[in-house]
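Input: a single structure, listed below in structure tokens.
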Amino acid sequence: MKKVLVVMGSDSDLPVVEGAVAQLTAFDIPFEAHVCSAHRTPDYAAELARNAAQKGFGVIIAFAGKAAHLAGVLAAYTALPVVAVPVSARALDGIDALLSMVQMPPGVPVATVAIDGGKNAGVLAAQILALSDAALFDKLETMKADMAASVLKKDEELQGRLK
């Protein structure tokens with residue numbers, strides 16, 4: 001199975017990263033996590049992205065706040081899919097990061113999830129890898145069925161309360 005490369009712009013992003021890591025772990029997807037700044041360590045960012053495919057990674061998840069250039073920098077150096085996660089910060093609550101991530105130039109896309117959407121980033125990475133992994137695809141289908149069953153159970157409980 002391909003691995004997922006998780007890159008955060010700062011260790012302060014770790015609480016959001018943990019959502020993605022929990023999902024990857026639940027799906028038994030191997031991953032590596034690194035702290036790497038697009039602005040303070042651009043050479044390291046380039047190295048991580050350039051070497052990711054040959055090191056067995058199939059997807060990169062990038063977490064960053066404020067200017068949030070990390071996902072775009074990583075995407076510039078690889079053909080692997082990059083999932084961007086805007087991390088909220090004090091000043092603009094993550095809107096600045098979100099806009100930085102979704103406004104990529106043609107030819108350098110990043111798939112962007114919600115602000116602080118680490119869990120969805122992990123699921124999206126799993127869905128991408130599941131395109132070539134039937135067992136992982138089955139796990140995702142089970143997760144979707146479990147979510148649906150949970151909602152239907154809550155609806156049933158609500159109907160019982162309202163009677």
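Ordered as shown in the structure tokens, chains take letters A, B, and onward, while each chain numbers its residues from 1 and ligands are numbered from 1 in the order shown.
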
Neighbours of A:Gly58 within 7 Å (only C-alpha atoms; same-chain residues fewer than 3 positions away dropped), as a ChimeraX atom specification? /A:2-4,53,80,129

May I have the residues within 12 Å of A:Gln127 as an MDAnalysis selection string, using only C-alpha atoms and disregarding those fewer than 2 positions away in the same chain? chainID A and resid 4 23:24 27 29 58:59 81 83 120:125 129:141 143:144

What's around A:Ile95 at 12 Å? Count only C-alpha atoms, leave out sequence neighbours fewer than 6 positions away in its own chain, and write the answer as a PyMOL selection string. chain A and resi 64-68+85-89+101-102+114-116

Give me the residues within 12 Å of A:Met104 as a ChimeraX atom specification, counting only C-alpha atoms and dropping any in the same chain fewer than 2 places off. /A:68-73,75-76,82,84,98-102,106-112

Tell me, which residues of stretch 48-96 of chain A carry DSSP helix (DSSP H, G or I), written as a ChimeraX atom specification? /A:48-55,70-76,95-96

Can you write just those residues out, N, CA and C atoms, as a compact mmCIF listing (two decimals), in the first residue's frame?
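Wrote it out as out29.txt, contents follow:
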```
# COMPACT_ATOMS: atom_id res chain seq x y z
N LEU A 48 11.29 17.08 0.15
CA LEU A 48 10.22 16.16 0.55
C LEU A 48 9.31 15.83 -0.63
N ALA A 49 8.90 16.86 -1.35
CA ALA A 49 7.97 16.66 -2.47
C ALA A 49 8.63 15.92 -3.63
N ARG A 50 9.84 16.32 -3.99
CA ARG A 50 10.53 15.67 -5.12
C ARG A 50 10.75 14.19 -4.91
N ASN A 51 11.02 13.79 -3.68
CA ASN A 51 11.35 12.40 -3.38
C ASN A 51 10.17 11.56 -2.92
N ALA A 52 9.01 12.17 -2.75
CA ALA A 52 7.86 11.47 -2.15
C ALA A 52 7.44 10.24 -2.96
N ALA A 53 7.29 10.38 -4.26
CA ALA A 53 6.82 9.25 -5.08
C ALA A 53 7.79 8.08 -5.01
N GLN A 54 9.08 8.36 -5.15
CA GLN A 54 10.05 7.25 -5.13
C GLN A 54 10.20 6.64 -3.75
N LYS A 55 9.74 7.34 -2.70
CA LYS A 55 9.77 6.78 -1.35
C LYS A 55 8.48 6.03 -1.00
N LEU A 70 2.44 26.32 1.91
CA LEU A 70 3.08 25.01 1.95
C LEU A 70 2.49 24.03 0.93
N ALA A 71 1.19 23.90 0.85
CA ALA A 71 0.59 22.94 -0.09
C ALA A 71 0.98 23.26 -1.52
N GLY A 72 0.94 24.53 -1.88
CA GLY A 72 1.31 24.93 -3.24
C GLY A 72 2.76 24.69 -3.55
N VAL A 73 3.62 24.95 -2.59
CA VAL A 73 5.05 24.69 -2.79
C VAL A 73 5.29 23.20 -3.00
N LEU A 74 4.67 22.38 -2.17
CA LEU A 74 4.83 20.94 -2.34
C LEU A 74 4.28 20.48 -3.69
N ALA A 75 3.12 21.00 -4.07
CA ALA A 75 2.51 20.62 -5.35
C ALA A 75 3.37 21.03 -6.54
N ALA A 76 4.14 22.10 -6.38
CA ALA A 76 5.00 22.56 -7.47
C ALA A 76 6.12 21.56 -7.77
N ILE A 95 -9.48 31.99 7.23
CA ILE A 95 -9.96 32.42 5.91
C ILE A 95 -8.77 32.76 5.02
N ASP A 96 -7.76 33.40 5.58
CA ASP A 96 -6.56 33.74 4.81
C ASP A 96 -5.88 32.49 4.27
```

DSSP-assigned strand (DSSP E) among stretch 13-142 of chain A, expressed as a PyMOL selection string: chain A and resi 31-35+57-65+82-87+111-112

Find, counting only C-alpha atoms, the residue in A:Val6, A:Ala62, A:Ala45, A:Val113 that gets nearest to A:Glu32. A:Val6
